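Q: What follows is a structure written as structure tokens; I'll ask about it next.
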Amino acid sequence: MISYAPLMATLHKRKISKTELQSLIKVSSATIAKISKDEFVSMQVINDICTVLNCNIEDVIIHLKEQKDVTE
């Protein structure tokens, strides 16, 4: 599972709102909503975030291993 928790921390640290990020990377509010819900967005969006914020991908996303139910 992909989490955008690092992005939220980066935005908070830099005092940038999600609305400001939306304007900076020129995406729809639906894309920002997907990020807020830890849903998949294109690598282009991730690239644009890294470029605009001048940060590394680790400052935007983190991969969390999902636990599988062994009873299935």
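Numbering starts fresh at 1 for the residues of each chain in the structure tokens, the chains themselves are lettered A, B, ... in the order given, and ligands are numbered from 1 as they appear.
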Report as a Markdown table the residues of segment 44-67 of chain A within 7 Å of segment 4-19 of chain A, each with its shortest atom pair and distance in Å (one decimal), using only C-alpha atoms, ordered by chain and increasing residue number.
A:
```
| residue | atom | partner | partner_atom | distance |
| --- | --- | --- | --- | --- |
| A:Asp59 | CA | A:Pro6 | CA | 5.1 |
| A:Val60 | CA | A:Leu7 | CA | 4.0 |
| A:Ile61 | CA | A:Tyr4 | CA | 4.7 |
| A:Ile62 | CA | A:Tyr4 | CA | 6.6 |
```
Q: Which residues are near Asn47 of chain A? Cut-off 9 Å, only C-alpha atoms, ignore same chain within fewer than 5 positions. Put them as a list in words.
A: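 Using only C-alpha atoms, the neighbours found are Ser42, Val52 and Ile57 of chain A.
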Q: In Å, how far is it from atom CA of Ile35 of chain A to atom CA of Gln67 of chain A?
A: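 Atom CA of Gln67 of chain A lies at a distance of 21.7 Å from atom CA of Ile35 of chain A.
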Q: Work out how far atom CA of Asp48 of chain A is from atom CA of Ile25 of chain A, in Å to one decimal.
A: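 Those two atoms sit 6.0 Å apart.
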Q: What is the atom CA of Lys34 of chain A-atom CA of His63 of chain A distance in Å, reported with one decimal?
A: 15.9 Å
Q: Taking into account only C-alpha atoms, which residue in the set A:Cys55, A:Leu64, A:Val41, A:Ile2 is nearest to Ser28 of chain A?
A: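 Answer, going by the shortest atom-to-atom distance: A:Val41.
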Q: Which residues in chain A does DSSP call strand (DSSP E or B)? List them as a list of chain:residue names.
A: A:Ile2, A:Ser3, A:Ile62, A:His63
Q: Output C-alpha atoms for every residue in that selection, as a PDB file, in the first residue's frame.
A:
```pdb
ATOM      1  CA  ILE A   2       1.212   3.495  -0.808  1.00  0.00           C
ATOM      2  CA  SER A   3       0.888   6.210   1.827  1.00  0.00           C
ATOM      3  CA  ILE A  62       6.141   5.512   1.494  1.00  0.00           C
ATOM      4  CA  HIS A  63       5.354   1.882   0.742  1.00  0.00           C
TER       5      HIS A  63
END
```
Q: Using DSSP on the backbone, list every residue of segment 3-38 of chain A that comes out as alpha helix (DSSP H), and give them as a list in words.
A: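 Those in segment 3-38 of chain A that DSSP calls alpha helix (DSSP H) are Ala5, Pro6, Leu7, Met8, Ala9, Thr10, Leu11, His12, Lys13, Arg14, Lys18, Thr19, Glu20, Leu21, Gln22, Ser23, Leu24, Ile25, Ser29, Ala30, Thr31, Ile32, Ala33, Lys34, Ile35 and Ser36 of chain A.
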Q: Compare A:Ile49, A:Phe40, A:Met1, A:Lys68 by their minimum atom-to-atom distance to Glu20 of chain A, counting only C-alpha atoms, and give me the closest one.
A: A:Ile49
